[in-house]
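Shown next: target_0.txt, given as compact mmCIF, N, CA and C atoms.
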# COMPACT_ATOMS: atom_id res chain seq x y z
N MET A 1 -74.90 31.57 33.02
CA MET A 1 -74.40 32.47 31.99
C MET A 1 -74.62 31.84 30.62
N SER A 2 -74.98 32.67 29.69
CA SER A 2 -75.24 32.17 28.34
C SER A 2 -74.01 32.27 27.46
N ILE A 3 -74.02 31.45 26.42
CA ILE A 3 -72.97 31.45 25.41
C ILE A 3 -73.67 31.50 24.06
N LEU A 4 -73.20 32.38 23.18
CA LEU A 4 -73.76 32.47 21.84
C LEU A 4 -72.86 31.71 20.87
N GLY A 5 -73.49 31.01 19.94
CA GLY A 5 -72.77 30.30 18.89
C GLY A 5 -73.14 30.90 17.54
N PHE A 6 -72.16 30.97 16.64
CA PHE A 6 -72.38 31.55 15.31
C PHE A 6 -71.85 30.60 14.25
N ASP A 7 -72.68 30.40 13.21
CA ASP A 7 -72.26 29.68 12.01
C ASP A 7 -72.08 30.74 10.93
N TYR A 8 -70.85 31.18 10.71
CA TYR A 8 -70.56 32.30 9.82
C TYR A 8 -70.76 31.91 8.36
N GLY A 9 -71.39 32.82 7.62
CA GLY A 9 -71.56 32.66 6.18
C GLY A 9 -71.59 34.04 5.54
N THR A 10 -71.44 34.08 4.24
CA THR A 10 -71.39 35.37 3.55
C THR A 10 -72.77 35.98 3.33
N LYS A 11 -73.84 35.15 3.33
CA LYS A 11 -75.21 35.66 3.13
C LYS A 11 -76.05 35.55 4.38
N SER A 12 -75.72 34.61 5.23
CA SER A 12 -76.49 34.35 6.44
C SER A 12 -75.54 33.86 7.53
N ILE A 13 -75.79 34.32 8.75
CA ILE A 13 -74.99 33.89 9.90
C ILE A 13 -75.94 33.25 10.90
N GLY A 14 -75.81 31.95 11.05
CA GLY A 14 -76.66 31.24 12.00
C GLY A 14 -76.28 31.60 13.42
N VAL A 15 -77.30 31.62 14.30
CA VAL A 15 -77.07 32.01 15.70
C VAL A 15 -77.78 31.01 16.61
N ALA A 16 -77.13 30.69 17.71
CA ALA A 16 -77.72 29.82 18.72
C ALA A 16 -77.29 30.34 20.10
N VAL A 17 -78.08 30.01 21.10
CA VAL A 17 -77.74 30.35 22.47
C VAL A 17 -77.77 29.07 23.29
N GLY A 18 -76.85 28.98 24.23
CA GLY A 18 -76.81 27.79 25.06
C GLY A 18 -76.14 28.08 26.38
N THR A 19 -76.08 27.05 27.19
CA THR A 19 -75.43 27.16 28.49
C THR A 19 -74.62 25.90 28.76
N ALA A 20 -73.46 26.08 29.37
CA ALA A 20 -72.60 24.95 29.66
C ALA A 20 -73.22 24.05 30.73
N LEU A 21 -74.10 24.61 31.56
CA LEU A 21 -74.73 23.84 32.62
C LEU A 21 -75.49 22.64 32.06
N THR A 22 -76.24 22.87 30.98
CA THR A 22 -76.99 21.78 30.36
C THR A 22 -76.26 21.18 29.16
N GLY A 23 -75.33 21.93 28.59
CA GLY A 23 -74.60 21.45 27.41
C GLY A 23 -75.45 21.44 26.16
N THR A 24 -76.54 22.22 26.18
CA THR A 24 -77.44 22.25 25.03
C THR A 24 -77.54 23.66 24.47
N ALA A 25 -78.02 23.73 23.24
CA ALA A 25 -78.18 25.02 22.56
C ALA A 25 -79.54 25.07 21.87
N SER A 26 -80.04 26.27 21.70
CA SER A 26 -81.30 26.50 20.99
C SER A 26 -81.05 27.49 19.87
N PRO A 27 -81.70 27.26 18.72
CA PRO A 27 -81.49 28.19 17.60
C PRO A 27 -82.19 29.52 17.83
N LEU A 28 -81.57 30.58 17.33
CA LEU A 28 -82.14 31.91 17.29
C LEU A 28 -82.28 32.29 15.82
N PRO A 29 -83.03 33.32 15.49
CA PRO A 29 -83.12 33.72 14.08
C PRO A 29 -81.74 34.06 13.50
N ALA A 30 -81.50 33.57 12.30
CA ALA A 30 -80.23 33.84 11.62
C ALA A 30 -80.13 35.33 11.27
N LEU A 31 -78.91 35.82 11.21
CA LEU A 31 -78.64 37.19 10.81
C LEU A 31 -78.38 37.24 9.31
N LYS A 32 -78.98 38.16 8.64
CA LYS A 32 -78.66 38.36 7.23
C LYS A 32 -77.30 39.04 7.15
N ALA A 33 -76.53 38.68 6.13
CA ALA A 33 -75.20 39.27 5.95
C ALA A 33 -75.05 39.70 4.50
N ASN A 34 -74.30 40.75 4.30
CA ASN A 34 -73.98 41.24 2.96
C ASN A 34 -72.49 41.04 2.75
N GLU A 35 -72.14 40.06 1.93
CA GLU A 35 -70.73 39.70 1.72
C GLU A 35 -70.03 39.39 3.05
N GLY A 36 -70.76 38.75 3.95
CA GLY A 36 -70.20 38.33 5.23
C GLY A 36 -70.28 39.36 6.33
N VAL A 37 -70.82 40.53 6.03
CA VAL A 37 -70.91 41.60 7.04
C VAL A 37 -72.36 41.67 7.54
N PRO A 38 -72.57 41.41 8.84
CA PRO A 38 -73.93 41.48 9.37
C PRO A 38 -74.32 42.93 9.64
N GLN A 39 -75.59 43.11 9.93
CA GLN A 39 -76.01 44.42 10.43
C GLN A 39 -75.62 44.43 11.90
N TRP A 40 -74.59 45.20 12.22
CA TRP A 40 -74.00 45.17 13.55
C TRP A 40 -74.97 45.59 14.64
N ASP A 41 -75.98 46.40 14.30
CA ASP A 41 -76.96 46.77 15.32
C ASP A 41 -77.78 45.55 15.74
N HIS A 42 -78.01 44.60 14.83
CA HIS A 42 -78.72 43.37 15.19
C HIS A 42 -77.84 42.49 16.09
N VAL A 43 -76.54 42.47 15.80
CA VAL A 43 -75.61 41.72 16.65
C VAL A 43 -75.57 42.36 18.04
N GLU A 44 -75.55 43.68 18.08
CA GLU A 44 -75.52 44.39 19.36
C GLU A 44 -76.76 44.04 20.21
N LYS A 45 -77.91 43.95 19.57
CA LYS A 45 -79.14 43.58 20.29
C LYS A 45 -79.01 42.18 20.89
N LEU A 46 -78.43 41.25 20.13
CA LEU A 46 -78.20 39.89 20.65
C LEU A 46 -77.29 39.91 21.87
N ILE A 47 -76.22 40.67 21.77
CA ILE A 47 -75.25 40.76 22.86
C ILE A 47 -75.92 41.37 24.10
N GLN A 48 -76.69 42.43 23.91
CA GLN A 48 -77.37 43.07 25.03
C GLN A 48 -78.41 42.14 25.65
N GLU A 49 -79.17 41.44 24.81
CA GLU A 49 -80.23 40.57 25.33
C GLU A 49 -79.68 39.37 26.09
N TRP A 50 -78.68 38.70 25.53
CA TRP A 50 -78.19 37.45 26.11
C TRP A 50 -77.00 37.64 27.03
N GLN A 51 -76.28 38.75 26.92
CA GLN A 51 -75.09 39.04 27.73
C GLN A 51 -74.20 37.80 27.87
N PRO A 52 -73.69 37.32 26.73
CA PRO A 52 -72.91 36.07 26.77
C PRO A 52 -71.56 36.26 27.44
N GLU A 53 -71.14 35.21 28.12
CA GLU A 53 -69.79 35.22 28.69
C GLU A 53 -68.77 34.82 27.63
N LEU A 54 -69.26 34.24 26.53
CA LEU A 54 -68.39 33.75 25.47
C LEU A 54 -69.20 33.66 24.18
N CYS A 55 -68.53 33.89 23.06
CA CYS A 55 -69.13 33.64 21.74
C CYS A 55 -68.27 32.59 21.04
N VAL A 56 -68.91 31.54 20.58
CA VAL A 56 -68.22 30.45 19.87
C VAL A 56 -68.54 30.61 18.39
N ILE A 57 -67.50 30.79 17.60
CA ILE A 57 -67.64 30.98 16.16
C ILE A 57 -67.18 29.72 15.45
N GLY A 58 -68.00 29.21 14.56
CA GLY A 58 -67.60 28.05 13.77
C GLY A 58 -66.46 28.41 12.83
N LEU A 59 -65.44 27.58 12.81
CA LEU A 59 -64.27 27.80 11.97
C LEU A 59 -64.32 26.83 10.80
N PRO A 60 -64.61 27.35 9.60
CA PRO A 60 -64.70 26.46 8.43
C PRO A 60 -63.31 26.03 7.96
N LEU A 61 -63.08 24.74 7.96
CA LEU A 61 -61.81 24.18 7.53
C LEU A 61 -62.07 23.13 6.46
N ASN A 62 -61.05 22.87 5.65
CA ASN A 62 -61.11 21.75 4.70
C ASN A 62 -61.07 20.45 5.49
N MET A 63 -61.46 19.37 4.85
CA MET A 63 -61.49 18.07 5.54
C MET A 63 -60.13 17.65 6.08
N ASP A 64 -59.05 18.11 5.45
CA ASP A 64 -57.71 17.76 5.93
C ASP A 64 -57.21 18.72 7.01
N GLY A 65 -58.07 19.65 7.45
CA GLY A 65 -57.71 20.57 8.52
C GLY A 65 -57.07 21.86 8.05
N THR A 66 -56.83 21.99 6.76
CA THR A 66 -56.23 23.22 6.26
C THR A 66 -57.30 24.31 6.12
N GLU A 67 -56.82 25.54 6.06
CA GLU A 67 -57.74 26.66 5.94
C GLU A 67 -58.22 26.82 4.50
N GLN A 68 -59.38 27.42 4.36
CA GLN A 68 -59.97 27.73 3.07
C GLN A 68 -60.26 29.23 3.05
N PRO A 69 -60.67 29.80 1.92
CA PRO A 69 -60.92 31.24 1.88
C PRO A 69 -61.91 31.74 2.94
N LEU A 70 -62.94 30.95 3.23
CA LEU A 70 -63.93 31.37 4.22
C LEU A 70 -63.37 31.38 5.64
N THR A 71 -62.30 30.63 5.88
CA THR A 71 -61.69 30.58 7.21
C THR A 71 -61.23 31.97 7.66
N ALA A 72 -60.53 32.67 6.79
CA ALA A 72 -60.03 34.02 7.12
C ALA A 72 -61.19 34.98 7.38
N ARG A 73 -62.26 34.83 6.63
CA ARG A 73 -63.42 35.72 6.81
C ARG A 73 -64.10 35.44 8.15
N ALA A 74 -64.19 34.17 8.54
CA ALA A 74 -64.79 33.82 9.83
C ALA A 74 -63.93 34.37 10.97
N LYS A 75 -62.62 34.29 10.82
CA LYS A 75 -61.72 34.85 11.83
C LYS A 75 -61.87 36.36 11.93
N LYS A 76 -62.04 37.02 10.80
CA LYS A 76 -62.24 38.47 10.77
C LYS A 76 -63.54 38.83 11.49
N PHE A 77 -64.61 38.06 11.23
CA PHE A 77 -65.87 38.27 11.92
C PHE A 77 -65.67 38.13 13.43
N ALA A 78 -64.96 37.08 13.85
CA ALA A 78 -64.70 36.86 15.28
C ALA A 78 -63.92 38.02 15.88
N ASN A 79 -62.90 38.50 15.17
CA ASN A 79 -62.11 39.63 15.67
C ASN A 79 -62.95 40.89 15.80
N ARG A 80 -63.83 41.13 14.83
CA ARG A 80 -64.70 42.31 14.90
C ARG A 80 -65.71 42.18 16.03
N LEU A 81 -66.22 41.00 16.24
CA LEU A 81 -67.16 40.76 17.34
C LEU A 81 -66.48 41.07 18.68
N HIS A 82 -65.26 40.61 18.82
CA HIS A 82 -64.50 40.89 20.04
C HIS A 82 -64.19 42.38 20.16
N GLY A 83 -63.74 42.99 19.07
CA GLY A 83 -63.37 44.39 19.10
C GLY A 83 -64.54 45.33 19.39
N ARG A 84 -65.69 45.04 18.83
CA ARG A 84 -66.87 45.90 19.01
C ARG A 84 -67.51 45.75 20.38
N PHE A 85 -67.55 44.52 20.89
CA PHE A 85 -68.34 44.25 22.09
C PHE A 85 -67.53 43.74 23.27
N GLY A 86 -66.24 43.47 23.06
CA GLY A 86 -65.38 43.03 24.15
C GLY A 86 -65.67 41.63 24.65
N VAL A 87 -66.44 40.85 23.89
CA VAL A 87 -66.76 39.49 24.34
C VAL A 87 -65.59 38.55 24.05
N GLN A 88 -65.48 37.55 24.91
CA GLN A 88 -64.47 36.52 24.71
C GLN A 88 -64.90 35.67 23.52
N ILE A 89 -63.94 35.25 22.72
CA ILE A 89 -64.20 34.49 21.49
C ILE A 89 -63.49 33.14 21.55
N PHE A 90 -64.17 32.11 21.03
CA PHE A 90 -63.54 30.81 20.84
C PHE A 90 -63.89 30.34 19.43
N LEU A 91 -62.90 29.89 18.68
CA LEU A 91 -63.11 29.36 17.33
C LEU A 91 -63.22 27.84 17.41
N GLN A 92 -64.37 27.31 16.96
CA GLN A 92 -64.65 25.87 17.04
C GLN A 92 -64.67 25.26 15.64
N ASP A 93 -63.93 24.21 15.45
CA ASP A 93 -63.93 23.48 14.17
C ASP A 93 -65.37 23.11 13.82
N GLU A 94 -65.79 23.44 12.60
CA GLU A 94 -67.17 23.17 12.20
C GLU A 94 -67.30 22.21 11.03
N ARG A 95 -66.26 21.44 10.76
CA ARG A 95 -66.32 20.53 9.61
C ARG A 95 -67.54 19.63 9.68
N LEU A 96 -68.26 19.57 8.57
CA LEU A 96 -69.43 18.70 8.36
C LEU A 96 -70.68 19.08 9.16
N THR A 97 -70.67 20.18 9.90
CA THR A 97 -71.87 20.52 10.67
C THR A 97 -73.06 20.80 9.76
N THR A 98 -72.87 21.60 8.72
CA THR A 98 -74.00 21.94 7.85
C THR A 98 -74.53 20.70 7.14
N VAL A 99 -73.63 19.82 6.72
CA VAL A 99 -74.05 18.59 6.04
C VAL A 99 -74.91 17.75 6.98
N SER A 100 -74.46 17.56 8.22
CA SER A 100 -75.22 16.73 9.15
C SER A 100 -76.55 17.38 9.52
N VAL A 101 -76.56 18.70 9.65
CA VAL A 101 -77.80 19.41 9.97
C VAL A 101 -78.80 19.28 8.83
N ARG A 102 -78.34 19.46 7.60
CA ARG A 102 -79.25 19.34 6.45
C ARG A 102 -79.86 17.94 6.39
N GLU A 103 -79.06 16.91 6.65
CA GLU A 103 -79.57 15.54 6.64
C GLU A 103 -80.63 15.35 7.73
N GLU A 104 -80.36 15.87 8.93
CA GLU A 104 -81.29 15.72 10.04
C GLU A 104 -82.59 16.48 9.79
N LEU A 105 -82.49 17.72 9.34
CA LEU A 105 -83.69 18.51 9.07
C LEU A 105 -84.52 17.90 7.95
N PHE A 106 -83.86 17.41 6.91
CA PHE A 106 -84.58 16.78 5.80
C PHE A 106 -85.32 15.53 6.29
N ALA A 107 -84.66 14.75 7.14
CA ALA A 107 -85.28 13.54 7.67
C ALA A 107 -86.52 13.88 8.49
N ARG A 108 -86.50 15.02 9.18
CA ARG A 108 -87.64 15.43 10.01
C ARG A 108 -88.82 15.93 9.18
N GLY A 109 -88.53 16.69 8.11
CA GLY A 109 -89.65 17.33 7.44
C GLY A 109 -89.50 17.57 5.95
N GLY A 110 -88.54 16.94 5.32
CA GLY A 110 -88.37 17.11 3.89
C GLY A 110 -87.79 18.46 3.52
N PHE A 111 -87.99 18.83 2.27
CA PHE A 111 -87.38 20.05 1.74
C PHE A 111 -87.83 21.32 2.45
N ARG A 112 -89.07 21.35 2.96
CA ARG A 112 -89.56 22.58 3.60
C ARG A 112 -88.74 22.93 4.85
N GLU A 113 -88.07 21.95 5.43
CA GLU A 113 -87.24 22.20 6.61
C GLU A 113 -85.87 22.79 6.26
N LEU A 114 -85.53 22.81 4.97
CA LEU A 114 -84.19 23.22 4.56
C LEU A 114 -84.08 24.70 4.22
N GLN A 115 -84.85 25.54 4.87
CA GLN A 115 -84.73 26.98 4.67
C GLN A 115 -83.35 27.42 5.17
N LYS A 116 -82.74 28.35 4.43
CA LYS A 116 -81.35 28.75 4.69
C LYS A 116 -81.13 29.17 6.14
N GLY A 117 -81.94 30.08 6.66
CA GLY A 117 -81.75 30.56 8.02
C GLY A 117 -81.91 29.46 9.05
N ARG A 118 -82.86 28.55 8.81
CA ARG A 118 -83.08 27.44 9.73
C ARG A 118 -81.87 26.51 9.75
N VAL A 119 -81.32 26.22 8.58
CA VAL A 119 -80.13 25.36 8.50
C VAL A 119 -78.95 26.02 9.21
N ASP A 120 -78.74 27.32 8.95
CA ASP A 120 -77.60 28.02 9.54
C ASP A 120 -77.69 28.08 11.06
N SER A 121 -78.87 28.36 11.60
CA SER A 121 -79.01 28.43 13.05
C SER A 121 -78.94 27.04 13.69
N ALA A 122 -79.44 26.01 12.99
CA ALA A 122 -79.29 24.65 13.50
C ALA A 122 -77.80 24.26 13.50
N ALA A 123 -77.06 24.69 12.48
CA ALA A 123 -75.61 24.43 12.46
C ALA A 123 -74.92 25.16 13.61
N ALA A 124 -75.38 26.37 13.94
CA ALA A 124 -74.82 27.10 15.08
C ALA A 124 -75.06 26.32 16.37
N CYS A 125 -76.21 25.66 16.49
CA CYS A 125 -76.48 24.81 17.66
C CYS A 125 -75.47 23.67 17.74
N VAL A 126 -75.22 23.02 16.62
CA VAL A 126 -74.27 21.91 16.59
C VAL A 126 -72.87 22.40 16.97
N ILE A 127 -72.47 23.54 16.43
CA ILE A 127 -71.16 24.11 16.75
C ILE A 127 -71.05 24.36 18.25
N LEU A 128 -72.09 24.95 18.83
CA LEU A 128 -72.08 25.26 20.25
C LEU A 128 -72.09 23.99 21.10
N GLU A 129 -72.89 23.01 20.72
CA GLU A 129 -72.93 21.76 21.48
C GLU A 129 -71.62 20.98 21.34
N ASP A 130 -70.96 21.07 20.18
CA ASP A 130 -69.62 20.47 20.04
C ASP A 130 -68.64 21.15 20.99
N TYR A 131 -68.74 22.46 21.09
CA TYR A 131 -67.88 23.19 22.05
C TYR A 131 -68.13 22.68 23.45
N PHE A 132 -69.41 22.58 23.86
CA PHE A 132 -69.71 22.10 25.21
C PHE A 132 -69.14 20.69 25.45
N ALA A 133 -69.29 19.84 24.45
CA ALA A 133 -68.83 18.44 24.59
C ALA A 133 -67.32 18.33 24.73
N HIS A 134 -66.57 19.25 24.09
CA HIS A 134 -65.12 19.10 24.08
C HIS A 134 -64.35 20.11 24.93
N HIS A 135 -64.99 21.21 25.34
CA HIS A 135 -64.21 22.26 26.01
C HIS A 135 -64.79 22.76 27.31
N ALA A 136 -66.07 22.64 27.52
CA ALA A 136 -66.68 23.23 28.70
C ALA A 136 -66.65 22.24 29.86
N ALA A 137 -66.19 22.71 30.98
CA ALA A 137 -66.21 21.89 32.19
C ALA A 137 -67.50 22.19 32.95
N VAL A 138 -68.25 21.15 33.22
CA VAL A 138 -69.53 21.35 33.93
C VAL A 138 -69.34 21.04 35.38

Structure translated into structure tokens:
Amino acid sequence: MSILGFDYGTKSIGVAVGTALTGTASPLPALKANEGVPQWDHVEKLIQEWQPELCVIGLPLNMDGTEQPLTARAKKFANRLHGRFGVQIFLQDERLTTVSVREELFARGGFRELQKGRVDSAAACVILEDYFAHHAAV
């Protein structure tokens, strides 16, 4: 069974797919968002194609663990995802994922690797793999 991971953002939502069996994730094309709202028909296509048993949404928190303005928006996205498609949702702490992904991508290929969608979907991979490492029983 597949699991989808999302790195929520107001302009772009990174997406990854993975499986608990291997504990790994692969990036999918990022979804464009308008003020944090994706084109829901594109999300529906992802859900139909991958038929995930779970969707893991990155939860943006401040370094001290407190919520920030984007936290509520990510939770709203998760609630809408559950409400529209009935998928199970898990919110995964995503502190520093984008920073570490940008460093890794830059080290691999310089600035050309830092395209927004690529960074967001790579961050979704990290979020999903963090979930596997801390929550999934293999």

Practice task
Determine the nearest neighbour of Tyr8 (chain A) from the options A:Pro27, A:Pro38, A:Gly58, A:Gly65, counting all atoms listed in the file.
Solution key: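 For Tyr8 (chain A), the nearest of the candidates is A:Gly58.
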
Problem - Option closest in space to Val37 (chain A), from A:Gly9, A:Gly23, A:Pro69, A:Gly86 [counting only N, CA and C atoms] - result: A:Gly9

Exercise for the section: Could you tell me how far CA of Gly36 (chain A) lies from CA of Ala20 (chain A), in Å and to one decimal? Expected result: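 Computing it gives 28.0 Å between the two atoms.
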
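Straight-line separation from atom N of His82 (chain A) to atom C of Leu61 (chain A): 21.6 Å.
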
Practice task
Grab the CA of His42 (chain A) to atom N of His134 (chain A) distance for me, in Å with one decimal place.
Solution key: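 Straight-line distance from CA of His42 (chain A) to atom N of His134 (chain A) works out to 28.4 Å.
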
Problem - Which of region 2-67 of chain A DSSP labels strand (DSSP E), written as a ChimeraX atom specification - result: /A:3-7,12-19,24-34,37-38,54-59

Restricting the output to N, CA and C atoms, write the selected residues as a CSV table (one decimal), in the coordinates of the input.
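Final output, saved to result.csv:
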chain,number,residue,atom,x,y,z
A,3,ILE,N,-74.0,31.4,26.4
A,3,ILE,CA,-73.0,31.4,25.4
A,3,ILE,C,-73.7,31.5,24.1
A,4,LEU,N,-73.2,32.4,23.2
A,4,LEU,CA,-73.8,32.5,21.8
A,4,LEU,C,-72.9,31.7,20.9
A,5,GLY,N,-73.5,31.0,19.9
A,5,GLY,CA,-72.8,30.3,18.9
A,5,GLY,C,-73.1,30.9,17.5
A,6,PHE,N,-72.2,31.0,16.6
A,6,PHE,CA,-72.4,31.6,15.3
A,6,PHE,C,-71.8,30.6,14.2
A,7,ASP,N,-72.7,30.4,13.2
A,7,ASP,CA,-72.3,29.7,12.0
A,7,ASP,C,-72.1,30.7,10.9
A,12,SER,N,-75.7,34.6,5.2
A,12,SER,CA,-76.5,34.4,6.4
A,12,SER,C,-75.5,33.9,7.5
A,13,ILE,N,-75.8,34.3,8.8
A,13,ILE,CA,-75.0,33.9,9.9
A,13,ILE,C,-75.9,33.2,10.9
A,14,GLY,N,-75.8,32.0,11.0
A,14,GLY,CA,-76.7,31.2,12.0
A,14,GLY,C,-76.3,31.6,13.4
A,15,VAL,N,-77.3,31.6,14.3
A,15,VAL,CA,-77.1,32.0,15.7
A,15,VAL,C,-77.8,31.0,16.6
A,16,ALA,N,-77.1,30.7,17.7
A,16,ALA,CA,-77.7,29.8,18.7
A,16,ALA,C,-77.3,30.3,20.1
A,17,VAL,N,-78.1,30.0,21.1
A,17,VAL,CA,-77.7,30.4,22.5
A,17,VAL,C,-77.8,29.1,23.3
A,18,GLY,N,-76.8,29.0,24.2
A,18,GLY,CA,-76.8,27.8,25.1
A,18,GLY,C,-76.1,28.1,26.4
A,19,THR,N,-76.1,27.0,27.2
A,19,THR,CA,-75.4,27.2,28.5
A,19,THR,C,-74.6,25.9,28.8
A,24,THR,N,-76.5,22.2,26.2
A,24,THR,CA,-77.4,22.2,25.0
A,24,THR,C,-77.5,23.7,24.5
A,25,ALA,N,-78.0,23.7,23.2
A,25,ALA,CA,-78.2,25.0,22.6
A,25,ALA,C,-79.5,25.1,21.9
A,26,SER,N,-80.0,26.3,21.7
A,26,SER,CA,-81.3,26.5,21.0
A,26,SER,C,-81.0,27.5,19.9
A,27,PRO,N,-81.7,27.3,18.7
A,27,PRO,CA,-81.5,28.2,17.6
A,27,PRO,C,-82.2,29.5,17.8
A,28,LEU,N,-81.6,30.6,17.3
A,28,LEU,CA,-82.1,31.9,17.3
A,28,LEU,C,-82.3,32.3,15.8
A,29,PRO,N,-83.0,33.3,15.5
A,29,PRO,CA,-83.1,33.7,14.1
A,29,PRO,C,-81.7,34.1,13.5
A,30,ALA,N,-81.5,33.6,12.3
A,30,ALA,CA,-80.2,33.8,11.6
A,30,ALA,C,-80.1,35.3,11.3
A,31,LEU,N,-78.9,35.8,11.2
A,31,LEU,CA,-78.6,37.2,10.8
A,31,LEU,C,-78.4,37.2,9.3
A,32,LYS,N,-79.0,38.2,8.6
A,32,LYS,CA,-78.7,38.4,7.2
A,32,LYS,C,-77.3,39.0,7.2
A,33,ALA,N,-76.5,38.7,6.1
A,33,ALA,CA,-75.2,39.3,6.0
A,33,ALA,C,-75.0,39.7,4.5
A,34,ASN,N,-74.3,40.8,4.3
A,34,ASN,CA,-74.0,41.2,3.0
A,34,ASN,C,-72.5,41.0,2.8
A,37,VAL,N,-70.8,40.5,6.0
A,37,VAL,CA,-70.9,41.6,7.0
A,37,VAL,C,-72.4,41.7,7.5
A,38,PRO,N,-72.6,41.4,8.8
A,38,PRO,CA,-73.9,41.5,9.4
A,38,PRO,C,-74.3,42.9,9.6
A,54,LEU,N,-69.3,34.2,26.5
A,54,LEU,CA,-68.4,33.8,25.5
A,54,LEU,C,-69.2,33.7,24.2
A,55,CYS,N,-68.5,33.9,23.1
A,55,CYS,CA,-69.1,33.6,21.7
A,55,CYS,C,-68.3,32.6,21.0
A,56,VAL,N,-68.9,31.5,20.6
A,56,VAL,CA,-68.2,30.4,19.9
A,56,VAL,C,-68.5,30.6,18.4
A,57,ILE,N,-67.5,30.8,17.6
A,57,ILE,CA,-67.6,31.0,16.2
A,57,ILE,C,-67.2,29.7,15.4
A,58,GLY,N,-68.0,29.2,14.6
A,58,GLY,CA,-67.6,28.0,13.8
A,58,GLY,C,-66.5,28.4,12.8
A,59,LEU,N,-65.4,27.6,12.8
A,59,LEU,CA,-64.3,27.8,12.0
A,59,LEU,C,-64.3,26.8,10.8

Around all the atoms of region 69-81 of chain A listed in the file, with 4 Å of room on each side, what axis-aligned box do you get, giving centre and edge lengths in Å to one decimal, as AutoDock Vina command-line options?
--center_x -63.6 --center_y 36.1 --center_z 10.3 --size_x 15.1 --size_y 20.5 --size_z 24.8

What's around Gly5 (chain A) at 7 Å? Count only C-alpha atoms, leave out sequence neighbours fewer than 4 positions away in its own chain, and write the answer as a tab-separated table (two decimals) with N, CA and C atoms, in the coordinates of the input.
chain	number	residue	atom	x	y	z
A	15	VAL	N	-77.30	31.62	14.30
A	15	VAL	CA	-77.07	32.01	15.70
A	15	VAL	C	-77.78	31.01	16.61
A	16	ALA	N	-77.13	30.69	17.71
A	16	ALA	CA	-77.72	29.82	18.72
A	16	ALA	C	-77.29	30.34	20.10
A	17	VAL	N	-78.08	30.01	21.10
A	17	VAL	CA	-77.74	30.35	22.47
A	17	VAL	C	-77.77	29.07	23.29
A	55	CYS	N	-68.53	33.89	23.06
A	55	CYS	CA	-69.13	33.64	21.74
A	55	CYS	C	-68.27	32.59	21.04
A	56	VAL	N	-68.91	31.54	20.58
A	56	VAL	CA	-68.22	30.45	19.87
A	56	VAL	C	-68.54	30.61	18.39
A	57	ILE	N	-67.50	30.79	17.60
A	57	ILE	CA	-67.64	30.98	16.16
A	57	ILE	C	-67.18	29.72	15.45
A	124	ALA	N	-75.38	26.37	13.94
A	124	ALA	CA	-74.82	27.10	15.08
A	124	ALA	C	-75.06	26.32	16.37
A	125	CYS	N	-76.21	25.66	16.49
A	125	CYS	CA	-76.48	24.81	17.66
A	125	CYS	C	-75.47	23.67	17.74
A	127	ILE	N	-72.47	23.54	16.43
A	127	ILE	CA	-71.16	24.11	16.75
A	127	ILE	C	-71.05	24.36	18.25
A	128	LEU	N	-72.09	24.95	18.83
A	128	LEU	CA	-72.08	25.26	20.25
A	128	LEU	C	-72.09	23.99	21.10

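Restricting the calculation to only C-alpha atoms, the smallest distance between Pro60 (chain A) and any of A:Leu91, A:Leu28, A:Ala33, A:Ile47 is found for A:Leu91.
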